[in-house]
Amino acid sequence: MSNVIVPAGTRKPKRKIFFSQRIKIFLSFFLINLLYTSFSSFGQGFTTVDFHQAQNDRNGAKLYLIDWVNGSLNSTHTDYWEGIGVPQRIVMTGILPNNANSNVNKHSIRFQVLSSKGSKHAYDFPISWDQAFKTAEDIGGSVNELQNLFNLQCGDAFSAIAKTTCSELTDGANDNVTTAAFPDVIGNPGKPTIGAPNVNDNIACFEAYKRFGEATERYGNRLIEIRGNAAISNVTVTFTGYQGSGKDYAEYLLTWESTSDKIMIRFATRLAPGNGRCGYGSGNGAGSISGAPYHVTLVRFDDVDDPSDNAPESGVSMGSQDNQIMSNAIQIPAPQCGLSNGSSGCTDNTTPFVVNYTSADAANATVKFYFTSNTAGAKLPNDVTAVGNCTTSTYSVVADANGSANISIAPSGSAFTQGSFRIGACVTGPGGSTTCEQPSATTIHAASVAGRVNGNATTLLSPHTINSNLANQTAALTALGTLNGIQDNALFSSFVWTVASQTDAPGNIAAIGNLSNANTSTGNATFTPTAQGLGYQEGLYAFKVTATSAANGCGATALVFINVSGGANCPADITGPSPVCEGTAGHVYSSAALAAKNPFPEAGLTYTWSIVPSNAATITSSYVNVTSITVTAGTVDFTVKVTVTNQHGESFASSNCEFAVDVVAKPTVSAIYNPPGCSDQSFSVDVPNSDANWSYTVTQPNSNSGYSSTKAGTGGTLHFTGLALGGGFLVTVSNPNVAGSCTGSTDCAGSTNSCASESITQAKVATDKVISTIKEPAIPTSDEPYRIVLESPTKVKAVPNPYTDKIRFNLVSGVSGMGILELFNMQGQKIGVVFEGFVQAGREFTKEYVVSGASRTNLVYIFRVGDQKISGKLINQK
């Protein structure tokens, strides 16, 4: 649209005037106004202004020819995507000196960009034409929608005078071209308040963006360009705030100094993206706006905010200069294909390959990965190896805020196989879905090498033999490189022989010889001992041969070993307990020599533990390539043994790798219970036929008497006295000459029977916490005195109360006799007997009882001894 400046009008009078008077007043005012504009308005302003924007889809033919129009862009003639900049162009002629400013060469244009509409972002910030061209290259379909942007057309859209100016100021026509950077900090529109990420964040994201694999920024600073027919300087562009009733318009002030009377200004306004890189979130972009169009509007010319400006409103209105775009002309882009190229590797590779996906429009999009081909034994992270597609793929990731995602492709076995694989991806975002495939596949090449060392048959019986006859020989060895597979020497660029490092081949490689001709294409090298007079020294001789493929650079390495032994000494010294007790576990046998090897075990050697005879004991832990084992003894003597085997199945002699273990029988014990007399307050126990090498201990585990007495065996009878009545007793015998626990025991009740007639549990040891129930004393006969009245009253203490399931009763009776403690529910039904047996007066004892689930309610206990009776209530805590 073109605009020709006209003198400013005057205000209409507010009161009514007769027609004849009106004519007189109008004529007078017209002459005054004409005079005023001659000296004022025509001293500040311009002749024409043409404001146009790029319409890029002429007649919907998808040729992307640019038409410059002033007005509204719609879907019929426009093909724009969220994130693309819409180019804007201002051409002005007849620019007059700015007489309203102290600097008459200082000019300005104030313009506004609709930043938001409703709850959506519209044009979020201005960018340059160059950047608009790049955004169209990065976003949208397979073509650049602004590919013809710089084919400037100064056609019928311009006024005649502006058309000439456009042609004069096109690219390369003159050197009077200057740029200025748009401000980076402009905040968010005032209404509506749109949440993070805000405009400042996305400006920074836009300027710093780097495409995948590129080291430099894609866009950089956003610039506005001004061209003139004279030199231009001091160009600035300032953000002056958000304007309008809802403060939705971002207003900018462009200033410059020049004597140019013709100028062309170029910039672009970015269509705010919702989803995607540097976007505002799905549904918050320009393509989601509905209803009326939104605008880029020119406001005033030479309205310079300058203290020397005599009149702040001295600028000139630019008329109805308004470029619009309909929301139906803006598309939300579908994610683009962004898979990185395949690479190459070798069959011995175990490291995963990473395939990257990146697309400017795929922020937070779902990316499904799958194989489009796979002959290399590759697998996805979910262990899938089969070729698939979008429908069958079950492995997906969510791209990050930059539209990037990746997948790690590992070998399905221990390493990749010869072949290739290629990855496809299905990407789904708010703008739709797209499917793509890696431009090239990852190829796995095969290459392998084997090494062997041959020597004089009289000194080295076979390759790798551990041979005592080799020691002190002086003959040279020939190291030969051979190939595995279908390839031959001609396909390898070189064979390289080296002495293997301590890390490659742990062991003694200090006494090494000389390696010559070690870098030849024939694959052969010669090795001789260091001192010809001494020959080969005892130790490990280790070599490494590496072959590299001339075709693909894949290399393979083989280690070759010669282990020279001067004798059959076993490399392991075994230690452990002996003697041990029959049937016991936890005996540990170890070898410090094995533990000292680092790394362990020595390369090519296997250490295997065993028991001889095999059924004499049991190994209860791993027994291959470990420094110790744990053994459970049987009943007979056994031998612990380590066998050392090299990588060729040849074993070291094991004469010093054995450790003999004596197994001793577990001791047994019997005891005789001596019942108390009627007036006795204790009883005694005899242990007949005690062994002089053993020790015997008598305790009362079910009594609070704390009785414990230990005596050494004498070969005769041991007599233990002072045991508390009713407490039973436990006799434990131990053999102090055996490592670990080697004990036997017998558990007897306080009865008149002899323990010698009872069975003895041999497996029970002193540390056992399971003690058999103590038998209660026999009920006295009627002619025996059974009631002894003491000073202690009959008492029952039940804890906890309230209870949940288990109750502990502390009992004491004031009389001796048969006692019983019973439990009843509130209906009088008996639910159980806690205790029944003989009770000694004044002796406190404890019983526990677990109430079954069905009986857990409020209960009553009753304790009776002779004529004594005591009861109480138990509260159930539900």
# chains A, B, ... in the order shown; residues from 1 in each chain; ligands from 1
>>> residues_around(residues="stretch 805-815 of chain A", least_positions_apart="2", cutoff="9 Å", atoms="only C-alpha atoms", output="NGL selection string")
:A and (786-801 or 803 or 817 or 819 or 834 or 839-853 or 856 or 863-868 or 876-877)
>>> select_by_dssp(residues="stretch 150-250 of chain A", states="helix (DSSP H, G or I)", output="VMD selection string")
chain A and resid 160 to 168 199 to 208
>>> write_last_selection(atoms="N, CA, C and O atoms", output="short mmCIF file (atom, residue, chain, number, x, y, z; two decimals), in the first residue's frame")
data_model
loop_
_atom_site.label_atom_id
_atom_site.label_comp_id
_atom_site.auth_asym_id
_atom_site.auth_seq_id
_atom_site.Cartn_x
_atom_site.Cartn_y
_atom_site.Cartn_z
N ALA A 160 4.53 4.21 -8.60
CA ALA A 160 5.51 4.40 -9.68
C ALA A 160 6.84 4.89 -9.15
O ALA A 160 7.90 4.39 -9.51
N ILE A 161 6.76 5.86 -8.23
CA ILE A 161 8.02 6.42 -7.71
C ILE A 161 8.73 5.41 -6.81
O ILE A 161 9.95 5.29 -6.82
N ALA A 162 7.95 4.62 -6.02
CA ALA A 162 8.56 3.62 -5.14
C ALA A 162 9.15 2.48 -5.94
O ALA A 162 10.14 1.86 -5.53
N LYS A 163 8.54 2.16 -7.09
CA LYS A 163 9.06 1.09 -7.93
C LYS A 163 10.47 1.44 -8.41
O LYS A 163 11.37 0.59 -8.41
N THR A 164 10.68 2.69 -8.80
CA THR A 164 12.00 3.13 -9.23
C THR A 164 12.99 3.05 -8.07
O THR A 164 14.13 2.59 -8.22
N THR A 165 12.54 3.50 -6.88
CA THR A 165 13.41 3.45 -5.69
C THR A 165 13.79 2.04 -5.34
O THR A 165 14.95 1.74 -5.02
N CYS A 166 12.81 1.10 -5.43
CA CYS A 166 13.09 -0.31 -5.13
C CYS A 166 14.19 -0.84 -6.04
O CYS A 166 15.09 -1.54 -5.60
N SER A 167 14.10 -0.51 -7.32
CA SER A 167 15.11 -0.98 -8.27
C SER A 167 16.48 -0.39 -7.96
O SER A 167 17.50 -1.06 -8.09
N GLU A 168 16.49 0.89 -7.55
CA GLU A 168 17.77 1.53 -7.24
C GLU A 168 18.46 0.91 -6.02
O GLU A 168 19.69 0.84 -5.95
N VAL A 199 9.19 -15.14 25.91
CA VAL A 199 9.76 -14.66 24.65
C VAL A 199 11.28 -14.53 24.77
O VAL A 199 12.02 -14.90 23.85
N ASN A 200 11.76 -14.05 25.92
CA ASN A 200 13.21 -13.90 26.09
C ASN A 200 13.92 -15.25 25.95
O ASN A 200 14.97 -15.36 25.33
N ASP A 201 13.34 -16.30 26.58
CA ASP A 201 13.94 -17.63 26.49
C ASP A 201 14.06 -18.08 25.05
O ASP A 201 15.08 -18.65 24.64
N ASN A 202 13.01 -17.87 24.28
CA ASN A 202 12.99 -18.39 22.91
C ASN A 202 13.82 -17.54 21.96
O ASN A 202 14.26 -18.02 20.92
N ILE A 203 14.01 -16.27 22.28
CA ILE A 203 14.98 -15.47 21.51
C ILE A 203 16.38 -16.05 21.69
O ILE A 203 17.11 -16.26 20.71
N ALA A 204 16.75 -16.32 22.94
CA ALA A 204 18.07 -16.91 23.21
C ALA A 204 18.20 -18.28 22.55
O ALA A 204 19.24 -18.62 21.98
N CYS A 205 17.13 -19.08 22.61
CA CYS A 205 17.15 -20.41 21.98
C CYS A 205 17.33 -20.28 20.47
O CYS A 205 18.10 -21.02 19.87
N PHE A 206 16.63 -19.35 19.87
CA PHE A 206 16.69 -19.15 18.42
C PHE A 206 18.10 -18.74 17.99
O PHE A 206 18.67 -19.29 17.05
N GLU A 207 18.68 -17.76 18.66
CA GLU A 207 19.97 -17.22 18.22
C GLU A 207 21.11 -18.21 18.43
O GLU A 207 22.08 -18.21 17.68
N ALA A 208 21.01 -19.07 19.47
CA ALA A 208 22.11 -19.98 19.80
C ALA A 208 21.96 -21.35 19.16
O ALA A 208 22.84 -22.20 19.32
#
>>> select_by_dssp(residues="stretch 606-646 of chain A", states="strand (DSSP E)", output="ChimeraX atom specification")
/A:606-612,617-619,628-633,638-645
>>> write_last_selection(atoms="N, CA, C and O atoms", output="mmCIF file, in the first residue's frame")
data_model
loop_
_atom_site.group_PDB
_atom_site.id
_atom_site.type_symbol
_atom_site.label_atom_id
_atom_site.label_comp_id
_atom_site.auth_asym_id
_atom_site.auth_seq_id
_atom_site.Cartn_x
_atom_site.Cartn_y
_atom_site.Cartn_z
ATOM 1 N N THR A 606 43.866 -71.905 34.684
ATOM 2 C CA THR A 606 42.646 -72.146 35.437
ATOM 3 C C THR A 606 43.004 -72.871 36.724
ATOM 4 O O THR A 606 43.743 -73.854 36.704
ATOM 5 N N TYR A 607 42.475 -72.381 37.851
ATOM 6 C CA TYR A 607 42.738 -72.969 39.151
ATOM 7 C C TYR A 607 41.467 -73.678 39.623
ATOM 8 O O TYR A 607 40.419 -73.047 39.782
ATOM 9 N N THR A 608 41.556 -74.973 39.890
ATOM 10 C CA THR A 608 40.383 -75.751 40.278
ATOM 11 C C THR A 608 40.642 -76.451 41.607
ATOM 12 O O THR A 608 41.619 -77.187 41.753
ATOM 13 N N TRP A 609 39.744 -76.232 42.589
ATOM 14 C CA TRP A 609 39.835 -76.870 43.897
ATOM 15 C C TRP A 609 39.077 -78.205 43.856
ATOM 16 O O TRP A 609 38.080 -78.349 43.164
ATOM 17 N N SER A 610 39.524 -79.164 44.663
ATOM 18 C CA SER A 610 38.821 -80.445 44.749
ATOM 19 C C SER A 610 39.090 -81.084 46.110
ATOM 20 O O SER A 610 39.983 -80.658 46.849
ATOM 21 N N ILE A 611 38.301 -82.119 46.444
ATOM 22 C CA ILE A 611 38.434 -82.883 47.687
ATOM 23 C C ILE A 611 38.765 -84.327 47.310
ATOM 24 O O ILE A 611 38.154 -84.909 46.404
ATOM 25 N N VAL A 612 39.715 -84.900 48.019
ATOM 26 C CA VAL A 612 40.122 -86.291 47.763
ATOM 27 C C VAL A 612 40.023 -87.061 49.094
ATOM 28 O O VAL A 612 40.667 -86.659 50.071
ATOM 29 N N ALA A 617 34.136 -85.016 51.912
ATOM 30 C CA ALA A 617 33.705 -83.693 52.392
ATOM 31 C C ALA A 617 32.992 -82.998 51.235
ATOM 32 O O ALA A 617 33.011 -83.467 50.088
ATOM 33 N N THR A 618 32.381 -81.867 51.555
ATOM 34 C CA THR A 618 31.605 -81.122 50.543
ATOM 35 C C THR A 618 32.118 -79.700 50.451
ATOM 36 O O THR A 618 32.293 -79.022 51.475
ATOM 37 N N ILE A 619 32.387 -79.234 49.194
ATOM 38 C CA ILE A 619 32.759 -77.833 48.973
ATOM 39 C C ILE A 619 31.469 -77.030 48.877
ATOM 40 O O ILE A 619 30.620 -77.303 48.028
ATOM 41 N N SER A 628 39.927 -69.089 47.757
ATOM 42 C CA SER A 628 39.606 -69.900 48.923
ATOM 43 C C SER A 628 38.312 -70.649 48.683
ATOM 44 O O SER A 628 37.513 -70.289 47.804
ATOM 45 N N ILE A 629 38.115 -71.726 49.487
ATOM 46 C CA ILE A 629 36.869 -72.477 49.451
ATOM 47 C C ILE A 629 36.410 -72.734 50.880
ATOM 48 O O ILE A 629 37.204 -72.670 51.825
ATOM 49 N N THR A 630 35.130 -73.050 51.049
ATOM 50 C CA THR A 630 34.558 -73.396 52.340
ATOM 51 C C THR A 630 34.100 -74.851 52.283
ATOM 52 O O THR A 630 33.444 -75.258 51.321
ATOM 53 N N VAL A 631 34.424 -75.618 53.327
ATOM 54 C CA VAL A 631 34.224 -77.063 53.294
ATOM 55 C C VAL A 631 33.388 -77.512 54.493
ATOM 56 O O VAL A 631 33.560 -77.008 55.611
ATOM 57 N N THR A 632 32.489 -78.442 54.249
ATOM 58 C CA THR A 632 31.773 -79.159 55.310
ATOM 59 C C THR A 632 32.382 -80.552 55.438
ATOM 60 O O THR A 632 32.403 -81.316 54.464
ATOM 61 N N ALA A 633 32.895 -80.864 56.638
ATOM 62 C CA ALA A 633 33.586 -82.143 56.845
ATOM 63 C C ALA A 633 32.593 -83.298 56.899
ATOM 64 O O ALA A 633 31.454 -83.147 57.346
ATOM 65 N N PHE A 638 40.368 -86.257 54.790
ATOM 66 C CA PHE A 638 40.327 -85.893 53.381
ATOM 67 C C PHE A 638 41.492 -84.972 53.052
ATOM 68 O O PHE A 638 42.187 -84.481 53.956
ATOM 69 N N THR A 639 41.689 -84.722 51.722
ATOM 70 C CA THR A 639 42.749 -83.850 51.230
ATOM 71 C C THR A 639 42.132 -82.727 50.389
ATOM 72 O O THR A 639 41.284 -82.976 49.535
ATOM 73 N N VAL A 640 42.564 -81.487 50.654
ATOM 74 C CA VAL A 640 42.175 -80.330 49.838
ATOM 75 C C VAL A 640 43.250 -80.140 48.770
ATOM 76 O O VAL A 640 44.449 -80.115 49.080
ATOM 77 N N LYS A 641 42.823 -79.968 47.494
ATOM 78 C CA LYS A 641 43.774 -79.963 46.395
ATOM 79 C C LYS A 641 43.436 -78.835 45.404
ATOM 80 O O LYS A 641 42.273 -78.530 45.172
ATOM 81 N N VAL A 642 44.473 -78.203 44.827
ATOM 82 C CA VAL A 642 44.320 -77.230 43.739
ATOM 83 C C VAL A 642 45.041 -77.769 42.517
ATOM 84 O O VAL A 642 46.209 -78.145 42.595
ATOM 85 N N THR A 643 44.342 -77.817 41.388
ATOM 86 C CA THR A 643 44.947 -78.221 40.119
ATOM 87 C C THR A 643 45.033 -77.002 39.212
ATOM 88 O O THR A 643 44.055 -76.280 39.045
ATOM 89 N N VAL A 644 46.215 -76.758 38.625
ATOM 90 C CA VAL A 644 46.433 -75.621 37.738
ATOM 91 C C VAL A 644 46.555 -76.134 36.313
ATOM 92 O O VAL A 644 47.397 -76.972 36.012
ATOM 93 N N THR A 645 45.694 -75.617 35.425
ATOM 94 C CA THR A 645 45.658 -76.075 34.036
ATOM 95 C C THR A 645 45.869 -74.891 33.112
ATOM 96 O O THR A 645 45.262 -73.827 33.307
#
>>> residues_around(residues="A:Ala446", least_positions_apart="4", cutoff="10 Å", atoms="only C-alpha atoms", output="PyMOL selection string")
chain A and resi 345-348+416-419+485-487+549+552+554-556
>>> atom_distance(atom1="atom CA of A:Asp124", atom2="atom CA of A:Arg270")
6.2 Å
>>> residues_around(residues="A:Thr255", least_positions_apart="3", cutoff="7 Å", atoms="only C-alpha atoms", output="list in words")
His107, Ser108, Ile109, Val235, Thr236 and Val237 of chain A
>>> closest_residue(among="A:Gln88, A:Asn323, A:Gly413, A:Ser373", to="A:Asn349", atoms="only C-alpha atoms")
A:Gly413
>>> atom_distance(atom1="atom CA of A:Val299", atom2="atom CA of A:Thr48")
14.5 Å
>>> atom_distance(atom1="atom CA of A:Ser343", atom2="atom CA of A:Phe421")
9.9 Å
>>> residues_around(residues="A:Phe720", least_positions_apart="3", cutoff="7 Å", atoms="only C-alpha atoms", output="list in words")
Ser684, Val685 and Asp686 of chain A
>>> write_last_selection(atoms="N, CA, C and O atoms", output="mmCIF file, in the first residue's frame")
data_model
loop_
_atom_site.group_PDB
_atom_site.id
_atom_site.type_symbol
_atom_site.label_atom_id
_atom_site.label_comp_id
_atom_site.auth_asym_id
_atom_site.auth_seq_id
_atom_site.Cartn_x
_atom_site.Cartn_y
_atom_site.Cartn_z
ATOM 1 N N SER A 684 21.827 -83.320 92.225
ATOM 2 C CA SER A 684 23.160 -83.457 91.624
ATOM 3 C C SER A 684 23.099 -84.333 90.381
ATOM 4 O O SER A 684 22.124 -85.043 90.148
ATOM 5 N N VAL A 685 24.185 -84.225 89.551
ATOM 6 C CA VAL A 685 24.309 -84.976 88.300
ATOM 7 C C VAL A 685 25.692 -85.594 88.259
ATOM 8 O O VAL A 685 26.700 -84.922 88.569
ATOM 9 N N ASP A 686 25.766 -86.877 87.835
ATOM 10 C CA ASP A 686 27.048 -87.546 87.646
ATOM 11 C C ASP A 686 27.282 -87.839 86.165
ATOM 12 O O ASP A 686 26.353 -88.208 85.447
#
>>> residues_around(residues="stretch 126-130 of chain A", least_positions_apart="3", cutoff="9 Å", atoms="only C-alpha atoms", output="PyMOL selection string")
chain A and resi 85-88+113+123+133-135+149-150+182+219+221-225+266-270
>>> write_last_selection(atoms="N, CA, C and O atoms", output="PDB file, in the first residue's frame")
ATOM      1  N   GLY A  85       9.900 -17.085   9.352  1.00  0.00           N
ATOM      2  CA  GLY A  85       9.760 -15.646   9.348  1.00  0.00           C
ATOM      3  C   GLY A  85       9.048 -15.160   8.094  1.00  0.00           C
ATOM      4  O   GLY A  85       9.338 -15.605   6.986  1.00  0.00           O
ATOM      5  N   VAL A  86       8.107 -14.236   8.242  1.00  0.00           N
ATOM      6  CA  VAL A  86       7.395 -13.644   7.111  1.00  0.00           C
ATOM      7  C   VAL A  86       8.121 -12.348   6.739  1.00  0.00           C
ATOM      8  O   VAL A  86       8.135 -11.387   7.513  1.00  0.00           O
ATOM      9  N   PRO A  87       8.758 -12.272   5.553  1.00  0.00           N
ATOM     10  CA  PRO A  87       9.529 -11.083   5.177  1.00  0.00           C
ATOM     11  C   PRO A  87       8.638  -9.844   5.028  1.00  0.00           C
ATOM     12  O   PRO A  87       7.560  -9.892   4.435  1.00  0.00           O
ATOM     13  N   GLN A  88       9.105  -8.703   5.589  1.00  0.00           N
ATOM     14  CA  GLN A  88       8.439  -7.404   5.505  1.00  0.00           C
ATOM     15  C   GLN A  88       9.400  -6.426   4.812  1.00  0.00           C
ATOM     16  O   GLN A  88      10.608  -6.500   5.000  1.00  0.00           O
ATOM     17  N   VAL A 113       4.106  -4.936  16.115  1.00  0.00           N
ATOM     18  CA  VAL A 113       3.914  -6.326  15.685  1.00  0.00           C
ATOM     19  C   VAL A 113       2.967  -6.989  16.683  1.00  0.00           C
ATOM     20  O   VAL A 113       3.203  -6.933  17.897  1.00  0.00           O
ATOM     21  N   TYR A 123       3.112 -13.242  16.208  1.00  0.00           N
ATOM     22  CA  TYR A 123       4.492 -12.969  15.833  1.00  0.00           C
ATOM     23  C   TYR A 123       5.270 -12.753  17.126  1.00  0.00           C
ATOM     24  O   TYR A 123       5.034 -11.765  17.826  1.00  0.00           O
ATOM     25  N   PHE A 133      14.929 -16.875   5.501  1.00  0.00           N
ATOM     26  CA  PHE A 133      15.271 -17.852   4.463  1.00  0.00           C
ATOM     27  C   PHE A 133      15.726 -19.170   5.096  1.00  0.00           C
ATOM     28  O   PHE A 133      15.323 -20.250   4.666  1.00  0.00           O
ATOM     29  N   LYS A 134      16.564 -19.071   6.170  1.00  0.00           N
ATOM     30  CA  LYS A 134      17.057 -20.283   6.834  1.00  0.00           C
ATOM     31  C   LYS A 134      15.936 -21.011   7.573  1.00  0.00           C
ATOM     32  O   LYS A 134      15.908 -22.243   7.608  1.00  0.00           O
ATOM     33  N   THR A 135      15.023 -20.266   8.185  1.00  0.00           N
ATOM     34  CA  THR A 135      13.922 -20.951   8.891  1.00  0.00           C
ATOM     35  C   THR A 135      13.066 -21.737   7.907  1.00  0.00           C
ATOM     36  O   THR A 135      12.613 -22.846   8.215  1.00  0.00           O
ATOM     37  N   LEU A 149      13.196 -15.684  -2.251  1.00  0.00           N
ATOM     38  CA  LEU A 149      13.052 -14.439  -1.509  1.00  0.00           C
ATOM     39  C   LEU A 149      13.918 -13.315  -2.067  1.00  0.00           C
ATOM     40  O   LEU A 149      13.484 -12.164  -2.176  1.00  0.00           O
ATOM     41  N   PHE A 150      15.169 -13.630  -2.434  1.00  0.00           N
ATOM     42  CA  PHE A 150      16.096 -12.577  -2.822  1.00  0.00           C
ATOM     43  C   PHE A 150      16.030 -12.246  -4.314  1.00  0.00           C
ATOM     44  O   PHE A 150      16.823 -11.443  -4.805  1.00  0.00           O
ATOM     45  N   PHE A 182      18.216  -6.360  16.730  1.00  0.00           N
ATOM     46  CA  PHE A 182      17.011  -6.242  17.533  1.00  0.00           C
ATOM     47  C   PHE A 182      17.351  -6.531  18.992  1.00  0.00           C
ATOM     48  O   PHE A 182      18.221  -7.353  19.286  1.00  0.00           O
ATOM     49  N   TYR A 219      21.641 -19.288  13.380  1.00  0.00           N
ATOM     50  CA  TYR A 219      20.992 -17.996  13.107  1.00  0.00           C
ATOM     51  C   TYR A 219      21.790 -16.803  13.647  1.00  0.00           C
ATOM     52  O   TYR A 219      22.020 -15.833  12.939  1.00  0.00           O
ATOM     53  N   ASN A 221      22.668 -13.319  15.787  1.00  0.00           N
ATOM     54  CA  ASN A 221      21.916 -12.110  16.123  1.00  0.00           C
ATOM     55  C   ASN A 221      20.851 -11.799  15.070  1.00  0.00           C
ATOM     56  O   ASN A 221      21.050 -11.982  13.873  1.00  0.00           O
ATOM     57  N   ARG A 222      19.720 -11.309  15.549  1.00  0.00           N
ATOM     58  CA  ARG A 222      18.610 -10.914  14.652  1.00  0.00           C
ATOM     59  C   ARG A 222      18.835  -9.447  14.237  1.00  0.00           C
ATOM     60  O   ARG A 222      19.039  -8.582  15.089  1.00  0.00           O
ATOM     61  N   LEU A 223      18.792  -9.195  12.923  1.00  0.00           N
ATOM     62  CA  LEU A 223      19.160  -7.878  12.408  1.00  0.00           C
ATOM     63  C   LEU A 223      18.039  -7.276  11.573  1.00  0.00           C
ATOM     64  O   LEU A 223      17.309  -7.985  10.878  1.00  0.00           O
ATOM     65  N   ILE A 224      17.922  -5.944  11.631  1.00  0.00           N
ATOM     66  CA  ILE A 224      17.081  -5.186  10.704  1.00  0.00           C
ATOM     67  C   ILE A 224      18.016  -4.454   9.754  1.00  0.00           C
ATOM     68  O   ILE A 224      19.097  -4.004  10.152  1.00  0.00           O
ATOM     69  N   GLU A 225      17.642  -4.400   8.467  1.00  0.00           N
ATOM     70  CA  GLU A 225      18.522  -3.809   7.446  1.00  0.00           C
ATOM     71  C   GLU A 225      17.866  -2.554   6.887  1.00  0.00           C
ATOM     72  O   GLU A 225      16.665  -2.531   6.616  1.00  0.00           O
ATOM     73  N   ARG A 266      14.329  -3.732   5.487  1.00  0.00           N
ATOM     74  CA  ARG A 266      13.966  -5.142   5.356  1.00  0.00           C
ATOM     75  C   ARG A 266      14.102  -5.841   6.723  1.00  0.00           C
ATOM     76  O   ARG A 266      15.119  -5.720   7.387  1.00  0.00           O
ATOM     77  N   PHE A 267      13.090  -6.580   7.101  1.00  0.00           N
ATOM     78  CA  PHE A 267      13.115  -7.446   8.272  1.00  0.00           C
ATOM     79  C   PHE A 267      12.025  -8.497   8.080  1.00  0.00           C
ATOM     80  O   PHE A 267      11.312  -8.501   7.075  1.00  0.00           O
ATOM     81  N   ALA A 268      11.901  -9.394   9.011  1.00  0.00           N
ATOM     82  CA  ALA A 268      10.863 -10.421   8.947  1.00  0.00           C
ATOM     83  C   ALA A 268      10.282 -10.607  10.341  1.00  0.00           C
ATOM     84  O   ALA A 268      10.931 -10.286  11.350  1.00  0.00           O
ATOM     85  N   THR A 269       9.058 -11.102  10.397  1.00  0.00           N
ATOM     86  CA  THR A 269       8.402 -11.355  11.680  1.00  0.00           C
ATOM     87  C   THR A 269       8.159 -12.859  11.804  1.00  0.00           C
ATOM     88  O   THR A 269       7.503 -13.469  10.965  1.00  0.00           O
ATOM     89  N   ARG A 270       8.717 -13.464  12.881  1.00  0.00           N
ATOM     90  CA  ARG A 270       8.651 -14.930  13.028  1.00  0.00           C
ATOM     91  C   ARG A 270       7.286 -15.375  13.528  1.00  0.00           C
ATOM     92  O   ARG A 270       6.782 -14.866  14.530  1.00  0.00           O
TER      93      ARG A 270
END
>>> residues_around(residues="A:Val143", least_positions_apart="2", cutoff="12 Å", atoms="only C-alpha atoms", output="short mmCIF file (atom, residue, chain, number, x, y, z; two decimals) with C-alpha atoms, in the first residue's frame")
data_model
loop_
_atom_site.label_atom_id
_atom_site.label_comp_id
_atom_site.auth_asym_id
_atom_site.auth_seq_id
_atom_site.Cartn_x
_atom_site.Cartn_y
_atom_site.Cartn_z
CA LYS A 62 3.71 -24.50 -5.14
CA LEU A 63 6.30 -22.69 -7.29
CA TYR A 64 7.17 -20.44 -4.35
CA ASP A 79 2.43 -21.53 2.36
CA TYR A 80 3.92 -20.68 5.76
CA PHE A 133 15.27 -17.85 4.46
CA LYS A 134 17.06 -20.28 6.83
CA THR A 135 13.92 -20.95 8.89
CA ALA A 136 12.07 -21.92 5.72
CA GLU A 137 14.98 -24.19 4.88
CA ASP A 138 14.86 -25.81 8.33
CA ILE A 139 11.10 -26.04 8.89
CA GLY A 140 8.24 -27.46 6.87
CA GLY A 141 8.42 -29.76 3.89
CA GLU A 145 9.11 -21.99 0.89
CA LEU A 146 11.20 -18.77 0.63
CA GLN A 147 13.66 -20.06 -1.97
CA ASN A 148 12.98 -17.07 -4.26
CA GLN A 336 11.19 -33.92 9.75
#
>>> closest_residue(among="A:Asn364, A:Thr743, A:Ser871, A:Thr443", to="A:Ala378", atoms="only C-alpha atoms")
A:Thr443
>>> decode(residues="stretch 129-133 of chain A", atoms="N, CA, C and O atoms", output="CSV table (one decimal), in the first residue's frame")
chain,number,residue,atom,x,y,z
A,129,TRP,N,15.9,-11.0,7.0
A,129,TRP,CA,15.5,-11.8,5.8
A,129,TRP,C,16.4,-13.0,5.7
A,129,TRP,O,15.9,-14.1,5.3
A,130,ASP,N,17.7,-12.9,6.0
A,130,ASP,CA,18.5,-14.1,5.9
A,130,ASP,C,18.1,-15.2,6.8
A,130,ASP,O,18.1,-16.4,6.5
A,131,GLN,N,17.7,-14.8,8.0
A,131,GLN,CA,17.2,-15.8,9.0
A,131,GLN,C,15.9,-16.4,8.6
A,131,GLN,O,15.6,-17.6,8.8
A,132,ALA,N,15.0,-15.6,8.0
A,132,ALA,CA,13.7,-16.1,7.5
A,132,ALA,C,14.0,-17.1,6.4
A,132,ALA,O,13.3,-18.2,6.4
A,133,PHE,N,14.9,-16.9,5.5
A,133,PHE,CA,15.3,-17.9,4.5
A,133,PHE,C,15.7,-19.2,5.1
A,133,PHE,O,15.3,-20.2,4.7
